[in-house]
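Asks: Coordinates in input01.txt, compact mmCIF, C-alpha atoms, are listed below.
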# COMPACT_ATOMS: atom_id res chain seq x y z
CA MET A 164 123.05 140.02 7.77
CA SER A 165 123.55 143.45 6.30
CA SER A 166 126.68 142.70 4.32
CA LYS A 167 124.97 144.04 1.18
CA ILE A 168 124.89 147.67 2.16
CA SER A 169 127.87 149.91 1.62
CA PRO A 170 130.28 150.78 4.46
CA LEU A 171 129.15 154.39 4.29
CA ALA A 172 125.51 153.40 4.74
CA GLU A 173 126.59 151.19 7.63
CA PHE A 174 127.98 154.29 9.29
CA THR A 175 125.21 156.74 8.49
CA LYS A 176 122.24 154.53 9.28
CA GLY A 177 122.69 155.04 13.00
CA ILE A 178 122.59 158.80 12.65
CA TRP A 179 119.11 159.15 11.24
CA LYS A 180 117.36 156.17 9.67
CA ASP A 181 117.93 153.67 12.48
CA ASN A 182 118.75 156.22 15.13
CA PRO A 183 118.88 154.24 18.37
CA VAL A 184 116.72 156.69 20.28
CA MET A 185 114.31 158.06 17.70
CA ALA A 186 113.67 154.92 15.67
CA SER A 187 114.09 152.11 18.16
CA LEU A 188 113.69 153.78 21.58
CA LEU A 189 116.85 152.20 22.94
CA GLY A 190 118.83 153.58 25.83
CA LEU A 191 116.16 155.96 27.02
CA CYS A 192 117.22 156.10 30.66
CA PRO A 193 120.33 158.26 30.13
CA VAL A 194 118.61 160.18 27.33
CA LEU A 195 115.98 161.39 29.74
CA ALA A 196 118.01 161.53 32.91
CA VAL A 197 121.09 163.56 32.08
CA THR A 198 119.82 165.99 29.45
CA ASN A 199 118.93 168.82 31.81
CA ALA A 200 121.98 170.63 30.45
CA ALA A 201 123.66 170.42 27.06
CA MET A 202 127.09 169.73 28.57
CA ASN A 203 125.83 166.71 30.49
CA GLY A 204 124.23 165.37 27.33
CA LEU A 205 127.47 165.75 25.40
CA ALA A 206 129.54 164.07 28.12
CA MET A 207 127.08 161.21 28.45
CA GLY A 208 126.93 160.77 24.68
CA LEU A 209 130.71 160.62 24.37
CA ALA A 210 131.07 158.20 27.27
CA THR A 211 128.42 155.93 25.77
CA THR A 212 130.03 156.12 22.33
CA PHE A 213 133.38 155.18 23.83
CA VAL A 214 131.94 152.14 25.57
CA LEU A 215 129.91 151.15 22.50
CA VAL A 216 132.84 151.38 20.10
CA THR A 217 135.42 149.65 22.29
CA SER A 218 133.13 146.83 23.33
CA SER A 219 131.98 146.37 19.72
CA LEU A 220 135.60 146.00 18.64
CA ILE A 221 136.37 143.41 21.29
CA ILE A 222 133.14 141.48 20.79
CA SER A 223 133.38 141.36 17.01
CA ALA A 224 136.98 140.20 17.33
CA LEU A 225 135.98 137.48 19.79
CA ARG A 226 132.66 136.60 18.16
CA ASN A 227 133.80 133.14 17.08
CA PHE A 228 135.25 132.29 20.48
CA ILE A 229 132.38 133.23 22.78
CA PRO A 230 130.10 130.21 23.35
CA HIS A 231 126.56 130.93 22.26
CA GLN A 232 124.93 129.97 25.58
CA VAL A 233 126.90 132.41 27.71
CA ARG A 234 127.27 135.19 25.17
CA ILE A 235 125.06 137.71 26.97
CA ALA A 236 126.99 137.30 30.20
CA GLY A 237 130.23 137.59 28.23
CA TYR A 238 129.08 140.77 26.50
CA ILE A 239 128.00 142.30 29.77
CA VAL A 240 131.36 141.63 31.41
CA ILE A 241 133.18 143.24 28.49
CA ILE A 242 130.83 146.23 28.54
CA ALA A 243 131.12 146.61 32.31
CA THR A 244 134.90 146.62 32.03
CA PHE A 245 134.89 149.52 29.58
CA VAL A 246 132.30 151.36 31.66
CA THR A 247 134.64 151.08 34.62
CA VAL A 248 137.40 152.56 32.45
CA ALA A 249 135.18 155.45 31.35
CA ASP A 250 133.96 156.04 34.90
CA ARG A 251 137.48 156.18 36.38
CA PHE A 252 138.63 158.42 33.54
CA LEU A 253 135.82 160.92 34.08
CA ALA A 254 136.30 160.87 37.85
CA ALA A 255 140.01 161.59 37.43
CA PHE A 256 139.98 164.23 34.70
CA MET A 257 136.51 165.78 34.79
CA PRO A 258 135.34 165.55 38.41
CA ASP A 259 132.58 168.14 37.90
CA ILE A 260 130.92 166.23 35.09
CA SER A 261 131.48 162.94 36.86
CA ALA A 262 129.68 164.34 39.90
CA SER A 263 126.75 165.75 37.95
CA LEU A 264 126.22 162.52 36.01
CA GLY A 265 126.47 160.52 39.23
CA PRO A 266 125.20 156.94 39.01
CA TYR A 267 124.22 157.35 35.36
CA ILE A 268 127.78 156.67 34.22
CA PRO A 269 127.87 153.17 35.75
CA LEU A 270 124.36 152.69 34.41
CA ILE A 271 125.81 152.72 30.89
CA VAL A 272 126.43 149.02 31.62
CA VAL A 273 122.73 148.33 31.26
CA ASN A 274 122.09 150.73 28.41
CA CYS A 275 119.95 148.58 26.10
CA LEU A 276 121.49 150.32 23.10
CA ILE A 277 124.94 148.87 23.77
CA LEU A 278 123.87 145.31 24.47
CA GLY A 279 121.40 145.51 21.60
CA ARG A 280 124.09 146.47 19.08
CA GLN A 281 126.39 143.68 20.29
CA GLU A 282 123.64 141.09 19.98
CA ALA A 283 122.26 142.38 16.68
CA PHE A 284 125.43 143.45 14.93
CA SER A 285 128.90 142.95 16.41
CA SER A 286 128.31 139.28 17.16
CA LYS A 287 127.61 138.66 13.47
CA ASN A 288 129.92 141.06 11.62
CA GLY A 289 133.61 141.70 11.24
CA ILE A 290 135.67 144.28 13.08
CA GLY A 291 135.57 146.94 10.35
CA ARG A 292 131.81 146.92 9.94
CA SER A 293 131.24 146.75 13.67
CA LEU A 294 133.44 149.79 14.10
CA LEU A 295 131.44 151.75 11.51
CA ASP A 296 128.12 150.60 12.91
CA SER A 297 128.98 151.40 16.51
CA LEU A 298 130.52 154.77 15.62
CA GLY A 299 127.39 155.72 13.67
CA MET A 300 125.08 154.56 16.43
CA GLY A 301 127.16 156.36 19.05
CA ILE A 302 127.11 159.59 17.09
CA GLY A 303 123.38 159.30 16.49
CA PHE A 304 122.86 158.75 20.21
CA THR A 305 125.09 161.68 21.13
CA LEU A 306 123.28 163.99 18.70
CA VAL A 307 119.92 163.19 20.28
CA LEU A 308 121.35 163.78 23.75
CA ILE A 309 122.79 167.15 22.72
CA THR A 310 119.56 168.19 20.98
CA LEU A 311 117.49 167.35 24.03
CA GLY A 312 120.04 168.94 26.32
CA VAL A 313 120.13 172.18 24.32
CA ILE A 314 116.34 172.47 24.13
CA ARG A 315 115.87 171.75 27.83
CA GLU A 316 118.72 174.02 28.90
CA ILE A 317 117.49 176.96 26.84
CA LEU A 318 113.92 176.66 28.07
CA GLY A 319 114.74 175.56 31.60
CA SER A 320 117.68 177.77 32.53
CA GLY A 321 117.89 180.27 29.65
CA SER A 322 121.43 179.25 28.80
CA ILE A 323 123.32 177.05 26.37
CA PHE A 324 126.40 175.04 27.41
CA GLY A 325 126.33 177.15 30.59
CA ALA A 326 126.40 180.56 28.84
CA ALA A 327 123.30 182.68 29.39
CA ILE A 328 121.69 183.59 26.09
CA MET A 329 118.24 184.72 27.07
CA GLY A 330 117.82 188.28 28.34
CA ASP A 331 116.40 189.40 31.65
CA TRP A 332 112.87 189.24 30.29
CA PHE A 333 113.01 185.48 30.17
CA THR A 334 111.53 183.51 33.04
CA PRO A 335 113.07 180.02 33.01
CA TRP A 336 110.57 177.18 32.73
CA MET A 337 111.66 175.24 35.77
CA VAL A 338 109.69 172.23 34.68
CA MET A 339 111.91 171.70 31.65
CA ILE A 340 114.95 170.78 33.72
CA LEU A 341 112.83 168.58 35.97
CA PRO A 342 111.75 165.05 35.03
CA PRO A 343 108.43 165.95 33.29
CA GLY A 344 110.28 168.24 30.87
CA ALA A 345 112.41 165.32 29.72
CA PHE A 346 109.42 163.18 28.84
CA LEU A 347 107.53 166.01 27.16
CA THR A 348 110.49 167.16 25.07
CA LEU A 349 111.33 163.65 23.91
CA GLY A 350 107.68 162.94 23.07
CA ILE A 351 107.50 166.06 20.94
CA LEU A 352 110.84 165.30 19.27
CA ILE A 353 109.68 161.78 18.39
CA ALA A 354 106.49 163.16 16.89
CA LEU A 355 108.53 165.69 14.89
CA ALA A 356 110.78 162.93 13.60
CA ASN A 357 107.73 160.91 12.57
CA TRP A 358 106.35 163.92 10.74
CA PHE A 359 109.69 164.64 9.09
CA ASN A 360 110.10 161.04 7.91
CA ASP A 361 106.63 160.98 6.46
CA PRO A 362 105.96 164.07 4.31
CA SER A 363 103.37 162.30 2.18
CA SER A 364 101.34 161.77 5.28
CA SER A 365 98.24 160.26 3.69
CA LEU A 366 100.05 157.31 2.09
CA THR A 367 101.80 155.49 4.88
CA SER A 368 100.28 154.24 8.08
CA PRO A 369 101.62 155.95 11.18
CA ARG A 370 101.25 152.64 13.00
CA SER A 371 104.32 151.45 11.16
CA LYS A 372 106.40 153.69 13.41
CA ASP A 373 105.21 151.84 16.47
CA LYS A 374 107.80 149.13 16.36
CA GLY A 375 110.76 149.50 18.70
CA ALA A 376 108.56 149.45 21.78
CA ALA A 377 110.10 146.13 22.73
CA SER A 378 113.28 147.76 23.88
CA MET B 6 115.39 157.75 58.47
CA SER B 7 112.67 155.38 59.59
CA TYR B 8 111.99 152.36 57.46
CA PHE B 9 108.51 153.53 56.58
CA LEU B 10 109.79 156.87 55.31
CA LEU B 11 112.49 155.11 53.33
CA PHE B 12 109.93 152.83 51.70
CA PHE B 13 107.56 155.71 50.98
CA SER B 14 110.34 157.85 49.56
CA ALA B 15 111.59 155.12 47.22
CA ALA B 16 108.10 154.14 46.09
CA ILE B 17 106.37 157.50 45.66
CA VAL B 18 108.38 160.65 46.25
CA ASN B 19 111.50 159.61 44.37
CA ASN B 20 109.82 157.12 42.13
CA PHE B 21 112.47 155.20 40.20
CA VAL B 22 110.72 155.48 36.87
CA LEU B 23 109.28 158.95 37.02
CA SER B 24 111.99 160.87 38.77
CA TYR B 25 115.19 158.88 38.20
CA PHE B 26 114.26 157.54 34.75
CA LEU B 27 115.35 154.06 35.72
CA GLY B 28 113.58 151.20 33.99
CA ILE B 29 112.15 153.23 31.14
CA CYS B 30 112.52 150.39 28.62
CA PRO B 31 110.02 148.03 30.29
CA PHE B 32 107.97 151.08 31.25
CA VAL B 33 107.46 151.81 27.55
CA GLY B 34 107.56 148.22 26.34
CA VAL B 35 105.37 146.25 28.76
CA SER B 36 102.81 148.90 29.65
CA LYS B 37 100.14 148.06 27.08
CA LYS B 38 98.00 145.82 29.27
CA VAL B 39 97.38 146.11 33.01
CA SER B 40 97.65 142.36 33.55
CA SER B 41 101.10 142.00 32.02
CA ALA B 42 102.19 145.22 33.75
CA VAL B 43 101.27 143.70 37.10
CA SER B 44 103.24 140.53 36.44
CA MET B 45 106.23 142.46 35.11
CA GLY B 46 106.13 144.65 38.20
CA MET B 47 106.06 141.62 40.47
CA ALA B 48 108.97 140.02 38.63
CA VAL B 49 111.00 143.23 38.89
CA THR B 50 110.15 143.71 42.57
CA PHE B 51 111.19 140.14 43.29
CA VAL B 52 114.50 140.51 41.45
CA MET B 53 115.07 143.87 43.17
CA LEU B 54 114.57 142.38 46.60
CA ILE B 55 117.06 139.58 45.96
CA THR B 56 119.47 142.00 44.29
CA ALA B 57 119.37 144.35 47.26
CA VAL B 58 120.27 141.49 49.61
CA VAL B 59 122.94 139.86 47.46
CA THR B 60 124.71 142.99 46.24
CA TRP B 61 124.82 144.40 49.77
CA LEU B 62 126.49 141.20 50.98
CA ILE B 63 128.93 141.15 48.07
CA TYR B 64 129.86 144.78 48.45
CA HIS B 65 130.35 144.80 52.21
CA LEU B 66 131.68 141.29 52.74
CA ILE B 67 133.84 140.80 49.64
CA LEU B 68 134.57 143.95 47.69
CA VAL B 69 135.34 146.31 50.58
CA PRO B 70 137.42 143.93 52.77
CA PHE B 71 139.52 142.80 49.80
CA ASP B 72 139.84 146.30 48.37
CA LEU B 73 138.20 145.34 45.08
CA VAL B 74 135.70 148.20 44.80
CA ILE B 75 136.90 148.80 41.24
CA LEU B 76 135.17 145.52 40.31
CA GLN B 77 131.86 146.82 41.64
CA TYR B 78 130.08 147.22 38.29
CA VAL B 79 131.31 143.97 36.81
CA SER B 80 130.38 141.91 39.85
CA PHE B 81 126.99 143.59 40.37
CA ILE B 82 125.88 143.06 36.81
CA LEU B 83 127.02 139.43 36.80
CA VAL B 84 125.07 138.74 39.97
CA ILE B 85 122.00 140.42 38.53
CA ALA B 86 122.27 138.50 35.26
CA SER B 87 122.45 135.17 37.04
CA LEU B 88 119.59 136.08 39.39
CA VAL B 89 117.39 136.95 36.44
CA GLN B 90 118.26 133.64 34.84
CA LEU B 91 117.18 131.87 38.04
CA VAL B 92 113.91 133.77 38.23
CA GLU B 93 113.22 132.97 34.59
CA MET B 94 113.78 129.25 35.13
CA PHE B 95 111.61 129.39 38.23
CA ILE B 96 108.70 131.09 36.49
CA ARG B 97 108.89 128.79 33.48
CA LYS B 98 108.67 125.81 35.82
CA VAL B 99 105.89 127.16 38.01
CA SER B 100 103.59 129.06 35.67
CA LYS B 101 103.62 128.57 31.92
CA PRO B 102 100.95 131.23 31.24
CA LEU B 103 102.89 133.81 33.23
CA TYR B 104 106.03 132.84 31.35
CA ASP B 105 104.25 133.33 28.04
CA THR B 106 102.93 136.75 29.10
CA LEU B 107 106.29 138.09 30.17
CA GLY B 108 107.93 136.47 27.16
CA ILE B 109 111.03 138.23 26.01
CA PHE B 110 110.88 140.81 28.76
CA LEU B 111 112.17 138.51 31.48
CA PRO B 112 115.72 138.32 30.14
CA LEU B 113 115.48 142.05 29.61
CA ILE B 114 115.22 142.56 33.36
CA THR B 115 118.98 142.06 33.26
CA THR B 116 119.37 145.27 31.33
CA ASN B 117 116.69 147.00 33.37
CA CYS B 118 118.54 150.01 34.71
CA ALA B 119 116.30 150.03 37.76
CA ILE B 120 117.91 146.86 39.11
CA LEU B 121 121.51 147.99 38.76
CA GLY B 122 120.47 151.50 39.78
CA LEU B 123 119.08 150.08 43.00
CA ALA B 124 122.37 148.39 43.80
CA LEU B 125 124.35 151.53 42.94
CA PHE B 126 122.13 153.85 44.96
CA SER B 127 122.38 151.58 48.01
CA VAL B 128 126.16 151.80 47.85
CA LEU B 129 126.16 155.50 47.10
CA ARG B 130 123.89 156.31 50.04
CA ASP B 131 125.69 153.93 52.36
CA TYR B 132 122.56 152.06 53.45
CA ALA B 133 122.77 149.50 56.21
CA PHE B 134 121.62 145.99 55.38
CA LEU B 135 118.01 146.34 56.47
CA GLU B 136 117.75 149.79 54.93
CA SER B 137 118.83 148.53 51.55
CA VAL B 138 116.29 145.70 51.72
CA VAL B 139 113.50 148.19 52.50
CA PHE B 140 114.83 150.45 49.75
CA GLY B 141 114.65 147.55 47.30
CA LEU B 142 111.07 146.75 48.28
CA GLY B 143 110.04 150.38 47.98
CA ALA B 144 111.71 150.82 44.61
CA GLY B 145 109.99 147.66 43.35
CA ALA B 146 106.62 148.86 44.61
CA GLY B 147 107.16 152.24 42.97
CA PHE B 148 108.14 150.63 39.69
CA THR B 149 105.04 148.42 39.76
CA LEU B 150 102.85 151.40 40.61
CA ALA B 151 104.17 153.50 37.73
CA LEU B 152 103.91 150.59 35.30
CA VAL B 153 100.33 149.75 36.26
CA ILE B 154 99.13 153.38 36.12
CA MET B 155 100.77 153.74 32.73
CA ALA B 156 99.18 150.52 31.45
CA GLY B 157 95.77 151.69 32.65
CA ILE B 158 96.15 154.96 30.78
CA ARG B 159 97.39 153.24 27.64
CA GLU B 160 94.42 150.87 27.63
CA GLU B 161 92.17 153.92 27.51
CA LEU B 162 94.40 155.60 24.94
CA GLU B 163 93.60 152.82 22.46
CA LEU B 164 90.22 154.47 22.02
CA ALA B 165 91.42 158.05 22.03
CA PRO B 166 91.90 160.09 18.83
CA VAL B 167 95.66 160.60 19.21
CA PRO B 168 97.20 162.93 16.59
CA LYS B 169 98.76 160.84 13.89
CA TYR B 170 102.44 161.59 14.48
CA PHE B 171 102.11 161.15 18.23
CA GLN B 172 100.82 157.61 17.96
CA GLY B 173 103.01 155.00 19.58
CA ALA B 174 106.10 156.29 21.32
CA GLY B 175 105.28 160.00 21.13
CA ILE B 176 102.06 159.92 23.12
CA THR B 177 103.58 157.46 25.59
CA MET B 178 106.28 160.00 26.40
CA ILE B 179 103.75 162.82 26.75
CA VAL B 180 101.61 160.73 29.09
CA ALA B 181 104.70 159.81 31.10
CA GLY B 182 105.45 163.54 31.31
CA GLY B 183 102.01 164.14 32.75
CA LEU B 184 102.50 161.35 35.25
CA ALA B 185 105.90 162.70 36.27
CA LEU B 186 104.28 166.10 36.75
CA ALA B 187 101.66 164.51 38.99
CA PHE B 188 104.28 162.66 41.02
CA MET B 189 106.20 165.91 41.48
CA GLY B 190 103.31 166.89 43.72
CA PHE B 191 104.77 164.53 46.31
CA ALA B 192 108.11 166.36 46.30
CA GLY B 193 108.89 168.01 49.60
CA MET B 194 106.80 165.58 51.61
CA ILE B 195 109.98 164.02 52.91
Could you show the structure in this file as structure tokens?
Replies:
Amino acid sequence: MSSKISPLAEFTKGIWKDNPVMASLLGLCPVLAVTNAAMNGLAMGLATTFVLVTSSLIISALRNFIPHQVRIAGYIVIIATFVTVADRFLAAFMPDISASLGPYIPLIVVNCLILGRQEAFSSKNGIGRSLLDSLGMGIGFTLVLITLGVIREILGSGSIFGAAIMGDWFTPWMVMILPPGAFLTLGILIALANWFNDPSSSLTSPRSKDKGAAS
Amino acid sequence: MSYFLLFFSAAIVNNFVLSYFLGICPFVGVSKKVSSAVSMGMAVTFVMLITAVVTWLIYHLILVPFDLVILQYVSFILVIASLVQLVEMFIRKVSKPLYDTLGIFLPLITTNCAILGLALFSVLRDYAFLESVVFGLGAGAGFTLALVIMAGIREELELAPVPKYFQGAGITMIVAGGLALAFMGFAGMI
């Protein structure tokens, strides 16, 4: 479908223009759930990127062999396999992070972002392009997770990646590391992205941003 | 824990959507009209109930005895995907209008984190059979509740002068934040 655009654009589109979280609201569960600290956001982003890239490679390589009727089930099995790999890896080498992410690591299986990219891209494009697309999407996703994690950690615990940066005067906003803080921060970030994408505010209709709601 | 407390905790205190962030996609996607929110909630609750039963049986009767726990994720998600397919065929047969309302969101129940989350939490917390069934019912009720409240608010929001850049996803997140704040009031009750 998008064989006209350059490989570089294929890679960069996931980082800003078609950012999975900001532009299409995909994969929101982990975005909101694990970003109470920057480190968790980073770990979750990397784990998701790993699963996205590996399953994209396999699915684009097998795209002509998977029967159309059972493709979704096939994709899910492939994704679940790589999630199991990532889960065991984290449990073995980073037990602390594995414990703090808890059930959200296995929940990568049902991250709409991953299945969405397989259905929309890897099943129709070659291995090279799928690799670029999934890497870009994964990086875009990770960046959003880190941004949210950093904002919430600074405001909610006065630290960044676990190191205290705010002085004694600072009273942590508990609510930022609790669920409401996740929704509020993401809402404000989305509004900022809308504003940033639309400097000539009077020309374009803001309604045009209201598209990816069908995630 | 008594069954009532378990139900209450899953539905209200630890609401799946507002405190575990499970099922956010349909929460944002299908919460524009109260009527479709109700039917989506029912469909999810139904799938959750069956999932709770089937995944419990699979985990305790197949995976644990044969030492195949590593296949947990793969088998759970396959079971859920086929269950959703069954429910979809059932609804299409029984009620065409309902099928049209839920449209593309029915297959999406497969990738609804709330369903897989339910199965994972049951295993993680080591629920007995009946407990996991009650947990499934409570989680479904909580999901429906959150979805319907959200849809009610969004119907009113149509008429509200929302700042331009917050229209669409932005204001939905802010409203969800307010709701989560309200639901935090239940924390500590159990």
Asks: Which neighbours of A:Asn274 fall inside 9 Å, counting all atoms listed in the file, when residues of the same chain fewer than 6 positions from it are skipped, and could you give them as a ChimeraX atom specification?
Replies: /A:189-193,211 /B:116-118
Asks: Identify, on the basis of all atoms listed in the file, every residue whose closest approach to A:Leu278 does not exceed 8 Å; exclude the query and any residue fewer than 5 positions from it along the same chain; express the result as a ChimeraX atom specification.
Replies: /A:238-239,273
Asks: Using C-alpha atoms, can you export the residues from the last selection as a short mmCIF file (atom, residue, chain, number, x, y, z; two decimals), in the coordinates of the input?
Replies:
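Writing the result to again28.cif gives the following:
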data_model
loop_
_atom_site.label_atom_id
_atom_site.label_comp_id
_atom_site.auth_asym_id
_atom_site.auth_seq_id
_atom_site.Cartn_x
_atom_site.Cartn_y
_atom_site.Cartn_z
CA TYR A 238 129.08 140.77 26.50
CA ILE A 239 128.00 142.30 29.77
CA VAL A 273 122.73 148.33 31.26
#
Asks: For A:Ser320, work out the shell of residues within 12 Å, counting all atoms listed in the file and skipping chain neighbours fewer than 3 positions away, then give it as a PyMOL selection string.
Replies: chain A and resi 199-201+312-317+323-331+333-341
Asks: Output the contact residues of chain A with respect to chain B at a cut-off of 8 Å, based on all atoms listed in the file, as a PyMOL selection string.
Replies: chain A and resi 188-193+195-196+236+239-240+243-244+247+266+269-270+272-275+342-347+349-355+357-358+369-370+372-373+376-378
Asks: Separation of atom CA of A:Leu276 and atom CA of A:Leu205, in Å?
Replies: 16.7 Å
Asks: Please determine, counting only C-alpha atoms, which residue among B:Met47, B:Val84, B:Val18, B:Ala57 has the shortest atom-to-atom distance to B:Val153.
Replies: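 Among the listed residues, the smallest separation from B:Val153 belongs to B:Met47.
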Asks: Tell me which of A:Met207, A:Ile302, A:Ile309, A:Val214 sits closest to A:Asn182, counting all atoms listed in the file.
Replies: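 For A:Asn182, the nearest of the candidates is A:Ile302.
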Asks: Could I get stretch 353-361 of chain A rebuilt with all heavy atoms, written as a short mmCIF file (atom, residue, chain, number, x, y, z; two decimals), in the coordinates of the input?
Replies:
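And here's result.cif as it stands now:
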data_model
loop_
_atom_site.label_atom_id
_atom_site.label_comp_id
_atom_site.auth_asym_id
_atom_site.auth_seq_id
_atom_site.Cartn_x
_atom_site.Cartn_y
_atom_site.Cartn_z
N ILE A 353 110.01 163.01 19.12
CA ILE A 353 109.68 161.78 18.39
C ILE A 353 108.57 162.05 17.38
O ILE A 353 108.63 161.60 16.23
CB ILE A 353 109.28 160.66 19.37
CG1 ILE A 353 110.52 160.19 20.15
CG2 ILE A 353 108.66 159.49 18.64
CD1 ILE A 353 110.23 159.17 21.20
N ALA A 354 107.57 162.84 17.81
CA ALA A 354 106.49 163.16 16.89
C ALA A 354 107.02 163.97 15.71
O ALA A 354 106.64 163.73 14.55
CB ALA A 354 105.41 163.95 17.63
N LEU A 355 107.93 164.91 15.97
CA LEU A 355 108.53 165.69 14.89
C LEU A 355 109.28 164.79 13.91
O LEU A 355 109.18 164.96 12.69
CB LEU A 355 109.49 166.74 15.46
CG LEU A 355 108.86 168.03 15.98
CD1 LEU A 355 109.94 168.92 16.56
CD2 LEU A 355 108.14 168.74 14.85
N ALA A 356 110.03 163.83 14.46
CA ALA A 356 110.78 162.93 13.60
C ALA A 356 109.83 162.10 12.74
O ALA A 356 110.08 161.89 11.54
CB ALA A 356 111.68 162.02 14.43
N ASN A 357 108.73 161.65 13.35
CA ASN A 357 107.73 160.91 12.57
C ASN A 357 107.20 161.76 11.43
O ASN A 357 107.03 161.30 10.30
CB ASN A 357 106.54 160.52 13.47
CG ASN A 357 106.88 159.37 14.37
OD1 ASN A 357 107.93 158.75 14.23
ND2 ASN A 357 106.01 159.09 15.31
N TRP A 358 106.90 163.01 11.74
CA TRP A 358 106.35 163.92 10.74
C TRP A 358 107.37 164.17 9.64
O TRP A 358 107.05 164.16 8.46
CB TRP A 358 105.97 165.23 11.44
CG TRP A 358 105.55 166.30 10.49
CD1 TRP A 358 104.40 166.38 9.80
CD2 TRP A 358 106.32 167.46 10.13
NE1 TRP A 358 104.39 167.51 9.02
CE2 TRP A 358 105.54 168.19 9.21
CE3 TRP A 358 107.57 167.95 10.51
CZ2 TRP A 358 106.00 169.39 8.66
CZ3 TRP A 358 108.02 169.13 9.96
CH2 TRP A 358 107.24 169.84 9.04
N PHE A 359 108.62 164.34 10.04
CA PHE A 359 109.69 164.64 9.09
C PHE A 359 109.92 163.45 8.16
O PHE A 359 110.16 163.61 6.97
CB PHE A 359 110.97 164.97 9.85
CG PHE A 359 112.06 165.49 8.98
CD1 PHE A 359 112.10 166.82 8.62
CD2 PHE A 359 113.06 164.65 8.53
CE1 PHE A 359 113.11 167.30 7.82
CE2 PHE A 359 114.08 165.12 7.73
CZ PHE A 359 114.10 166.45 7.37
N ASN A 360 109.84 162.24 8.71
CA ASN A 360 110.10 161.04 7.91
C ASN A 360 108.95 160.73 6.97
O ASN A 360 109.07 159.86 6.14
CB ASN A 360 110.30 159.83 8.84
CG ASN A 360 111.71 159.77 9.36
OD1 ASN A 360 112.60 160.34 8.76
ND2 ASN A 360 111.90 159.09 10.46
N ASP A 361 107.85 161.39 7.13
CA ASP A 361 106.63 160.98 6.46
C ASP A 361 105.93 162.19 5.85
O ASP A 361 104.84 162.55 6.26
CB ASP A 361 105.74 160.30 7.50
CG ASP A 361 104.49 159.74 6.86
OD1 ASP A 361 104.54 159.41 5.68
OD2 ASP A 361 103.49 159.63 7.57
#
